[in-house]
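The structure file work32.txt is reproduced below (compact mmCIF, C-alpha atoms).
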# COMPACT_ATOMS: atom_id res chain seq x y z
CA MET O 1 6.55 -19.80 -10.98
CA ARG O 2 4.27 -17.84 -8.69
CA ILE O 3 0.53 -17.98 -9.27
CA ALA O 4 -1.99 -15.34 -8.25
CA THR O 5 -4.44 -16.51 -5.59
CA THR O 6 -6.97 -13.77 -6.38
CA THR O 7 -8.79 -12.58 -9.45
CA PRO O 8 -8.50 -8.92 -10.46
CA VAL O 9 -12.07 -8.34 -9.25
CA GLN O 10 -11.23 -9.82 -5.85
CA ALA O 11 -7.95 -7.91 -5.60
CA ALA O 12 -9.55 -4.57 -6.53
CA GLY O 13 -12.32 -5.21 -4.01
CA MET O 14 -9.84 -5.98 -1.24
CA VAL O 15 -7.81 -2.84 -2.01
CA ARG O 16 -10.97 -0.73 -2.12
CA ARG O 17 -12.22 -2.13 1.23
CA ASP O 18 -8.87 -1.46 2.87
CA GLN O 19 -8.86 2.11 1.59
CA GLU O 20 -12.44 2.65 2.75
CA LEU O 21 -11.54 1.25 6.16
CA LEU O 22 -8.86 3.89 6.70
CA LEU O 23 -11.02 6.65 5.22
CA GLY O 24 -13.85 5.62 7.57
CA VAL O 25 -11.58 6.00 10.58
CA VAL O 26 -10.29 9.45 9.55
CA GLU O 27 -13.53 10.83 8.09
CA GLY O 28 -14.71 14.06 9.68
CA LYS O 29 -11.61 14.50 11.83
CA SER O 30 -9.91 17.87 11.97
CA GLU O 31 -6.23 18.46 11.24
CA GLU O 32 -5.60 18.55 14.98
CA GLU O 33 -7.48 15.29 15.57
CA LEU O 34 -5.63 13.54 12.75
CA ARG O 35 -2.28 14.63 14.19
CA THR O 36 -3.16 13.71 17.78
CA ALA O 37 -1.37 10.71 19.23
CA TYR O 38 -3.07 7.54 18.05
CA GLU O 39 -1.74 4.09 18.73
CA VAL O 40 -1.63 1.88 15.65
CA ASN O 41 -0.35 -1.66 15.46
CA ASP O 42 3.30 -1.23 14.53
CA GLY O 43 3.96 -4.36 12.57
CA PRO O 44 7.17 -6.21 11.85
CA LEU O 45 9.24 -3.18 10.81
CA GLY O 46 8.97 -1.22 14.04
CA HIS O 47 7.60 2.10 15.17
CA PHE O 48 6.91 4.85 12.69
CA CYS O 49 3.33 6.10 13.04
CA ASP O 50 2.33 8.39 15.90
CA SER O 51 -1.04 9.53 14.55
CA LEU O 52 -3.72 8.78 12.01
CA HIS O 53 -2.11 11.40 9.77
CA ASP O 54 1.12 9.38 9.93
CA LEU O 55 -0.75 6.18 9.10
CA VAL O 56 -2.33 7.77 6.03
CA ALA O 57 1.12 8.93 4.90
CA HIS O 58 2.56 5.45 5.48
CA VAL O 59 -0.15 3.53 3.62
CA LEU O 60 -0.17 6.16 0.85
CA MET O 61 3.57 5.75 0.27
CA TRP O 62 3.20 2.00 -0.17
CA ASP O 63 0.13 2.42 -2.39
CA GLU O 64 2.17 4.78 -4.59
CA ILE O 65 4.98 2.25 -4.77
CA THR O 66 2.53 -0.54 -5.61
CA LEU O 67 0.96 1.55 -8.36
CA ALA O 68 4.40 2.35 -9.80
CA VAL O 69 5.38 -1.34 -9.68
CA LEU O 70 2.29 -2.32 -11.66
CA ARG O 71 2.70 0.48 -14.18
CA ASP O 72 6.37 -0.37 -14.68
CA ALA O 73 5.41 -4.00 -15.30
CA VAL O 74 3.02 -2.87 -18.05
CA ALA O 75 5.98 -1.11 -19.66
CA GLY O 76 8.08 -4.28 -19.34
CA ARG O 77 10.28 -2.94 -16.54
CA MET O 78 11.03 -4.13 -13.03
CA HIS O 79 10.46 -1.38 -10.48
CA TRP O 80 13.42 -0.27 -8.33
CA SER O 81 11.69 -1.53 -5.15
CA LEU O 82 11.91 -5.14 -6.39
CA ASP O 83 15.70 -5.07 -6.42
CA PRO O 84 16.87 -7.27 -3.50
CA ARG O 85 18.86 -4.37 -2.03
CA TRP O 86 15.56 -2.63 -1.26
CA GLU O 87 13.87 -5.70 0.19
CA THR O 88 15.44 -5.82 3.62
CA ALA O 89 13.89 -4.99 7.00
CA GLU O 90 16.44 -2.19 7.49
CA ILE O 91 15.65 -0.50 4.18
CA GLY O 92 11.91 -1.12 4.65
CA SER O 93 12.12 0.70 7.98
CA ALA O 94 14.06 3.55 6.38
CA LEU O 95 11.37 3.88 3.70
CA ASN O 96 8.66 3.82 6.36
CA PHE O 97 10.33 6.55 8.41
CA GLY O 98 11.04 8.65 5.32
CA GLY O 99 7.52 8.33 3.94
CA VAL O 100 5.90 9.23 7.24
CA GLU O 101 8.29 12.14 7.79
CA ALA O 102 7.53 13.49 4.30
CA GLY O 103 3.80 13.15 4.97
CA ARG O 104 4.09 15.14 8.19
CA ARG O 105 5.05 18.18 6.11
CA ILE O 106 1.78 18.08 4.14
CA PRO O 107 -1.57 19.33 5.50
CA SER O 108 -3.93 16.46 6.31
CA GLU O 109 -6.52 17.66 3.81
CA LEU O 110 -4.02 17.43 0.96
CA LEU O 111 -2.61 14.14 2.19
CA LEU O 112 -6.12 12.65 2.20
CA HIS O 113 -6.79 14.09 -1.26
CA ARG O 114 -3.64 12.40 -2.54
CA TYR O 115 -4.54 9.15 -0.73
CA THR O 116 -7.97 8.99 -2.41
CA LYS O 117 -6.58 9.82 -5.86
CA VAL O 118 -3.77 7.26 -5.63
CA GLY O 119 -6.21 4.71 -4.23
CA ALA O 120 -8.58 5.21 -7.14
CA ALA O 121 -5.69 4.91 -9.61
CA LEU O 122 -4.47 1.70 -7.96
CA VAL O 123 -7.93 0.12 -8.11
CA ALA O 124 -8.30 1.21 -11.75
CA GLU O 125 -4.89 -0.25 -12.58
CA ILE O 126 -5.92 -3.62 -11.14
CA GLU O 127 -9.36 -3.50 -12.79
CA ARG O 128 -7.83 -3.11 -16.25
CA TYR O 129 -7.01 -6.83 -16.27
CA ASP O 130 -9.25 -9.75 -16.97
CA GLU O 131 -8.54 -13.10 -15.33
CA SER O 132 -6.50 -14.34 -18.27
CA THR O 133 -4.09 -11.38 -18.44
CA TRP O 134 -3.94 -11.25 -14.61
CA ALA O 135 -2.43 -14.75 -14.62
CA ASP O 136 -0.42 -14.52 -17.87
CA PRO O 137 3.34 -14.67 -17.08
CA SER O 138 4.05 -12.24 -19.92
CA THR O 139 2.22 -9.42 -18.07
CA GLY O 140 4.54 -9.37 -15.06
CA GLY O 141 7.27 -7.18 -16.52
CA GLY O 142 9.87 -9.84 -15.82
CA TYR O 143 8.28 -11.06 -12.59
CA ASP O 144 7.33 -14.71 -12.97
CA GLY O 145 3.63 -15.46 -12.60
CA GLY O 146 2.20 -12.36 -14.25
CA ILE O 147 0.79 -9.09 -13.05
CA GLY O 148 -1.58 -10.77 -10.57
CA ALA O 149 1.21 -12.56 -8.73
CA LEU O 150 3.26 -9.37 -8.80
CA ALA O 151 0.35 -7.31 -7.41
CA GLU O 152 -0.09 -9.82 -4.61
CA TYR O 153 3.62 -9.86 -3.85
CA VAL O 154 3.95 -6.09 -3.54
CA SER O 155 0.63 -5.76 -1.67
CA THR O 156 1.42 -8.29 1.03
CA THR O 157 2.76 -6.97 4.32
CA PRO O 158 5.92 -8.61 5.68
CA ASP O 159 3.77 -10.65 8.07
CA GLY O 160 1.55 -12.00 5.30
CA VAL O 161 -1.54 -9.75 5.11
CA LEU O 162 -2.71 -9.52 1.48
CA PHE O 163 -4.31 -6.27 0.20
CA GLY O 164 -5.03 -5.17 3.79
CA HIS O 165 -2.30 -2.73 4.74
CA ALA O 166 -4.38 -0.13 6.59
CA GLY O 167 -6.47 -2.79 8.28
CA ARG O 168 -3.32 -4.58 9.39
CA HIS O 169 -2.24 -1.47 11.31
CA LEU O 170 -5.70 -0.57 12.61
CA PHE O 171 -7.20 -3.96 13.45
CA PRO O 172 -4.48 -6.63 13.23
CA LYS O 173 -6.50 -9.54 14.61
CA ALA O 174 -9.46 -8.93 12.25
CA VAL O 175 -7.18 -8.86 9.19
CA SER O 176 -4.66 -11.57 10.01
CA GLY O 177 -6.69 -14.13 11.76
Take the structure in the file and give it back as structure tokens.
Amino acid sequence: MRIATTTPVQAAGMVRRDQELLLGVVEGKSEEELRTAYEVNDGPLGHFCDSLHDLVAHVLMWDEITLAVLRDAVAGRMHWSLDPRWETAEIGSALNFGGVEAGRRIPSELLLHRYTKVGAALVAEIERYDESTWADPSTGGGYDGGIGALAEYVSTTPDGVLFGHAGRHLFPKAVSG
């Protein structure tokens, strides 16, 4: 059985800090500046982000998936993304490319609006738990270890960064070591 290594307060704080990190980097930038070439740390699944706009789209997609995973668990269901067929590097790369490509079709202002709304919903979803329910195996929607262990699992990058997705792409050494 998996056991959560964070409390819900810690997890929500880490998610909030990661979101604020990305928002701090993009704050005040114009559409053109957000879409200008910007080198981010690619990570283990390859190249997919060419700009800060792309990075927002990428992190947003995974935040939306994480939120859906947690909400499905509340309803007693396993989210589609937890099926082993979706958990391969090849499919992860396909999701990354698709999410970024979809985000490129949305104006930066709206993408950032969506990012902040989803981010707030994700933090609120985590904050709804106390330490007992966070660790209770019955709250995981079929995932052993409870909602806390599930949240950690889906919020950990393939190279092991927990609740630090944006930071992992912006400042990899500060987040991972």
Leaving out Gly146 (chain O) and any residue of its chain fewer than 2 positions from it, which residues lie within 7 Å of it when counting all atoms listed in the file, given as number ranges by chain?
O: 134-140, 143-144, 148-150
Shell around Pro107 (chain O) at 12 Å using all atoms listed in the file, local window under 5 positions removed, as a list of chain:residue names
O:Ser30, O:Glu31, O:Glu32, O:Leu34, O:Arg35, O:His53, O:Asp54, O:Val56, O:Ala57, O:Ala102, O:Leu112, O:His113, O:Arg114
Expected file: the selected residues, C-alpha atoms, as a PDB file, keeping the file's coordinate frame:
ATOM      1  CA  SER O  30      -9.910  17.870  11.970  1.00  0.00           C
ATOM      2  CA  GLU O  31      -6.230  18.460  11.240  1.00  0.00           C
ATOM      3  CA  GLU O  32      -5.600  18.550  14.980  1.00  0.00           C
ATOM      4  CA  LEU O  34      -5.630  13.540  12.750  1.00  0.00           C
ATOM      5  CA  ARG O  35      -2.280  14.630  14.190  1.00  0.00           C
ATOM      6  CA  HIS O  53      -2.110  11.400   9.770  1.00  0.00           C
ATOM      7  CA  ASP O  54       1.120   9.380   9.930  1.00  0.00           C
ATOM      8  CA  VAL O  56      -2.330   7.770   6.030  1.00  0.00           C
ATOM      9  CA  ALA O  57       1.120   8.930   4.900  1.00  0.00           C
ATOM     10  CA  ALA O 102       7.530  13.490   4.300  1.00  0.00           C
ATOM     11  CA  LEU O 112      -6.120  12.650   2.200  1.00  0.00           C
ATOM     12  CA  HIS O 113      -6.790  14.090  -1.260  1.00  0.00           C
ATOM     13  CA  ARG O 114      -3.640  12.400  -2.540  1.00  0.00           C
TER      14      ARG O 114
END
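A straight line drawn from CA of Glu39 (chain O) to CA of Ala68 (chain O) is 29.2 Å long.
Proximity of O:Gly145, O:Ser155, O:Asp130, O:Gly13 to Arg168 (chain O), computed with all atoms listed in the file, is greatest for O:Ser155.
The nearest approach to Arg128 (chain O) among the residues O:Gly164, O:Pro8, O:Gly28, O:Gly92, with only C-alpha atoms taken into account, belongs to O:Pro8.
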May I have the residues within 12 Å of Leu162 (chain O) as a CSV table (one decimal) with C-alpha atoms, keeping the file's coordinate frame, using all atoms listed in the file and disregarding those fewer than 2 positions away in the same chain?
chain,number,residue,atom,x,y,z
O,4,ALA,CA,-2.0,-15.3,-8.2
O,5,THR,CA,-4.4,-16.5,-5.6
O,6,THR,CA,-7.0,-13.8,-6.4
O,10,GLN,CA,-11.2,-9.8,-5.8
O,11,ALA,CA,-8.0,-7.9,-5.6
O,12,ALA,CA,-9.6,-4.6,-6.5
O,13,GLY,CA,-12.3,-5.2,-4.0
O,14,MET,CA,-9.8,-6.0,-1.2
O,15,VAL,CA,-7.8,-2.8,-2.0
O,18,ASP,CA,-8.9,-1.5,2.9
O,149,ALA,CA,1.2,-12.6,-8.7
O,150,LEU,CA,3.3,-9.4,-8.8
O,151,ALA,CA,0.4,-7.3,-7.4
O,152,GLU,CA,-0.1,-9.8,-4.6
O,153,TYR,CA,3.6,-9.9,-3.8
O,154,VAL,CA,4.0,-6.1,-3.5
O,155,SER,CA,0.6,-5.8,-1.7
O,156,THR,CA,1.4,-8.3,1.0
O,157,THR,CA,2.8,-7.0,4.3
O,158,PRO,CA,5.9,-8.6,5.7
O,159,ASP,CA,3.8,-10.6,8.1
O,160,GLY,CA,1.6,-12.0,5.3
O,164,GLY,CA,-5.0,-5.2,3.8
O,165,HIS,CA,-2.3,-2.7,4.7
O,166,ALA,CA,-4.4,-0.1,6.6
O,167,GLY,CA,-6.5,-2.8,8.3
O,168,ARG,CA,-3.3,-4.6,9.4
O,175,VAL,CA,-7.2,-8.9,9.2
O,176,SER,CA,-4.7,-11.6,10.0
O,177,GLY,CA,-6.7,-14.1,11.8
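Between CA of Val161 (chain O) and CA of Cys49 (chain O) there is a distance of 18.4 Å.
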Exercise on region 86-105 of chain O, axis-aligned box with 5 Å per side, report centre and edge lengths in Å to one decimal, as JSON:
{"center_x": 10.1, "center_y": 6.2, "center_z": 3.6, "size_x": 22.6, "size_y": 34.0, "size_z": 19.7}
Atomic distance CA of Gly98 (chain O) - CA of Ser81 (chain O), expressed in Å with one decimal
14.6 Å
List the spatial neighbours of Ala37 (chain O) as a ChimeraX atom specification - criterion: any atom at most 9 Å away, all atoms listed in the file, same-chain residues fewer than 4 positions off excluded.
/O:33,50-52
Same residues, C-alpha atoms, saved as a compact mmCIF listing (two decimals), keeping the file's coordinate frame:
# COMPACT_ATOMS: atom_id res chain seq x y z
CA GLU O 33 -7.48 15.29 15.57
CA ASP O 50 2.33 8.39 15.90
CA SER O 51 -1.04 9.53 14.55
CA LEU O 52 -3.72 8.78 12.01
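Ranking O:Leu111, O:Val123, O:Ile3, O:Ala94 by their shortest atom-to-atom distance to Ile147 (chain O), with all atoms listed in the file included, puts O:Ile3 first.
Using all atoms listed in the file, the smallest distance between any of O:Arg2, O:Leu60, O:Leu21, O:Leu70 and Glu127 (chain O) comes from O:Leu70.
Minimum atom-to-atom distance to Trp62 (chain O), evaluated using all atoms listed in the file, belongs to O:Val118 out of O:Val118, O:Glu20, O:Thr7, O:Val74.
Considering only C-alpha atoms, the residue among O:Met1, O:Leu110, O:Asn41, O:Gly141 positioned nearest to Asp72 (chain O) is O:Gly141.
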Rebuild all heavy atoms on region 112-123 of chain O, as a tab-separated table (two decimals), in the frame of the given file?
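The result, written out as out-v4.tsv:
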chain	number	residue	atom	x	y	z
O	112	LEU	N	-4.94	13.48	2.45
O	112	LEU	CA	-6.12	12.65	2.20
O	112	LEU	C	-6.57	12.76	0.75
O	112	LEU	O	-7.01	11.76	0.16
O	112	LEU	CB	-7.25	13.04	3.15
O	112	LEU	CG	-7.04	12.57	4.58
O	112	LEU	CD1	-8.01	13.25	5.53
O	112	LEU	CD2	-7.15	11.06	4.67
O	113	HIS	N	-6.47	13.93	0.15
O	113	HIS	CA	-6.79	14.09	-1.26
O	113	HIS	C	-5.88	13.18	-2.09
O	113	HIS	O	-6.34	12.45	-2.97
O	113	HIS	CB	-6.62	15.56	-1.67
O	113	HIS	CG	-6.82	15.79	-3.12
O	113	HIS	ND1	-5.75	15.94	-4.00
O	113	HIS	CD2	-7.93	15.88	-3.88
O	113	HIS	CE1	-6.22	16.12	-5.21
O	113	HIS	NE2	-7.54	16.09	-5.18
O	114	ARG	N	-4.61	13.23	-1.82
O	114	ARG	CA	-3.64	12.40	-2.54
O	114	ARG	C	-3.93	10.91	-2.31
O	114	ARG	O	-3.88	10.11	-3.25
O	114	ARG	CB	-2.23	12.76	-2.06
O	114	ARG	CG	-1.12	12.10	-2.82
O	114	ARG	CD	0.19	12.77	-2.45
O	114	ARG	NE	1.23	11.81	-2.21
O	114	ARG	CZ	2.32	12.06	-1.51
O	114	ARG	NH1	2.53	13.24	-0.96
O	114	ARG	NH2	3.23	11.13	-1.36
O	115	TYR	N	-4.24	10.55	-1.06
O	115	TYR	CA	-4.54	9.15	-0.73
O	115	TYR	C	-5.74	8.65	-1.55
O	115	TYR	O	-5.69	7.54	-2.10
O	115	TYR	CB	-4.82	9.02	0.77
O	115	TYR	CG	-5.20	7.64	1.20
O	115	TYR	CD1	-4.24	6.63	1.30
O	115	TYR	CD2	-6.52	7.31	1.51
O	115	TYR	CE1	-4.59	5.35	1.71
O	115	TYR	CE2	-6.87	6.04	1.92
O	115	TYR	CZ	-5.90	5.06	2.01
O	115	TYR	OH	-6.24	3.79	2.40
O	116	THR	N	-6.80	9.44	-1.65
O	116	THR	CA	-7.97	8.99	-2.41
O	116	THR	C	-7.68	8.90	-3.90
O	116	THR	O	-8.14	7.98	-4.56
O	116	THR	CB	-9.21	9.88	-2.15
O	116	THR	OG1	-8.92	11.23	-2.51
O	116	THR	CG2	-9.64	9.81	-0.69
O	117	LYS	N	-6.91	9.84	-4.43
O	117	LYS	CA	-6.58	9.82	-5.86
O	117	LYS	C	-5.68	8.64	-6.21
O	117	LYS	O	-5.89	7.96	-7.21
O	117	LYS	CB	-5.91	11.14	-6.29
O	117	LYS	CG	-6.83	12.33	-6.19
O	117	LYS	CD	-8.03	12.18	-7.09
O	117	LYS	CE	-8.91	13.40	-7.03
O	117	LYS	NZ	-10.09	13.28	-7.88
O	118	VAL	N	-4.66	8.41	-5.39
O	118	VAL	CA	-3.77	7.26	-5.63
O	118	VAL	C	-4.54	5.96	-5.46
O	118	VAL	O	-4.38	5.02	-6.25
O	118	VAL	CB	-2.54	7.31	-4.69
O	118	VAL	CG1	-1.75	6.01	-4.73
O	118	VAL	CG2	-1.65	8.49	-5.05
O	119	GLY	N	-5.40	5.91	-4.45
O	119	GLY	CA	-6.21	4.71	-4.23
O	119	GLY	C	-7.09	4.39	-5.42
O	119	GLY	O	-7.19	3.24	-5.86
O	120	ALA	N	-7.74	5.41	-5.97
O	120	ALA	CA	-8.58	5.21	-7.14
O	120	ALA	C	-7.75	4.74	-8.34
O	120	ALA	O	-8.18	3.85	-9.10
O	120	ALA	CB	-9.33	6.49	-7.49
O	121	ALA	N	-6.57	5.31	-8.50
O	121	ALA	CA	-5.69	4.91	-9.61
O	121	ALA	C	-5.22	3.47	-9.44
O	121	ALA	O	-5.13	2.72	-10.42
O	121	ALA	CB	-4.51	5.86	-9.71
O	122	LEU	N	-4.92	3.08	-8.21
O	122	LEU	CA	-4.47	1.70	-7.96
O	122	LEU	C	-5.59	0.71	-8.27
O	122	LEU	O	-5.36	-0.31	-8.93
O	122	LEU	CB	-3.99	1.56	-6.51
O	122	LEU	CG	-3.51	0.19	-6.07
O	122	LEU	CD1	-2.39	-0.34	-6.97
O	122	LEU	CD2	-3.06	0.24	-4.61
O	123	VAL	N	-6.79	1.00	-7.81
O	123	VAL	CA	-7.93	0.12	-8.11
O	123	VAL	C	-8.15	0.05	-9.62
O	123	VAL	O	-8.34	-1.04	-10.18
O	123	VAL	CB	-9.19	0.58	-7.36
O	123	VAL	CG1	-10.43	-0.14	-7.88
O	123	VAL	CG2	-9.04	0.36	-5.85
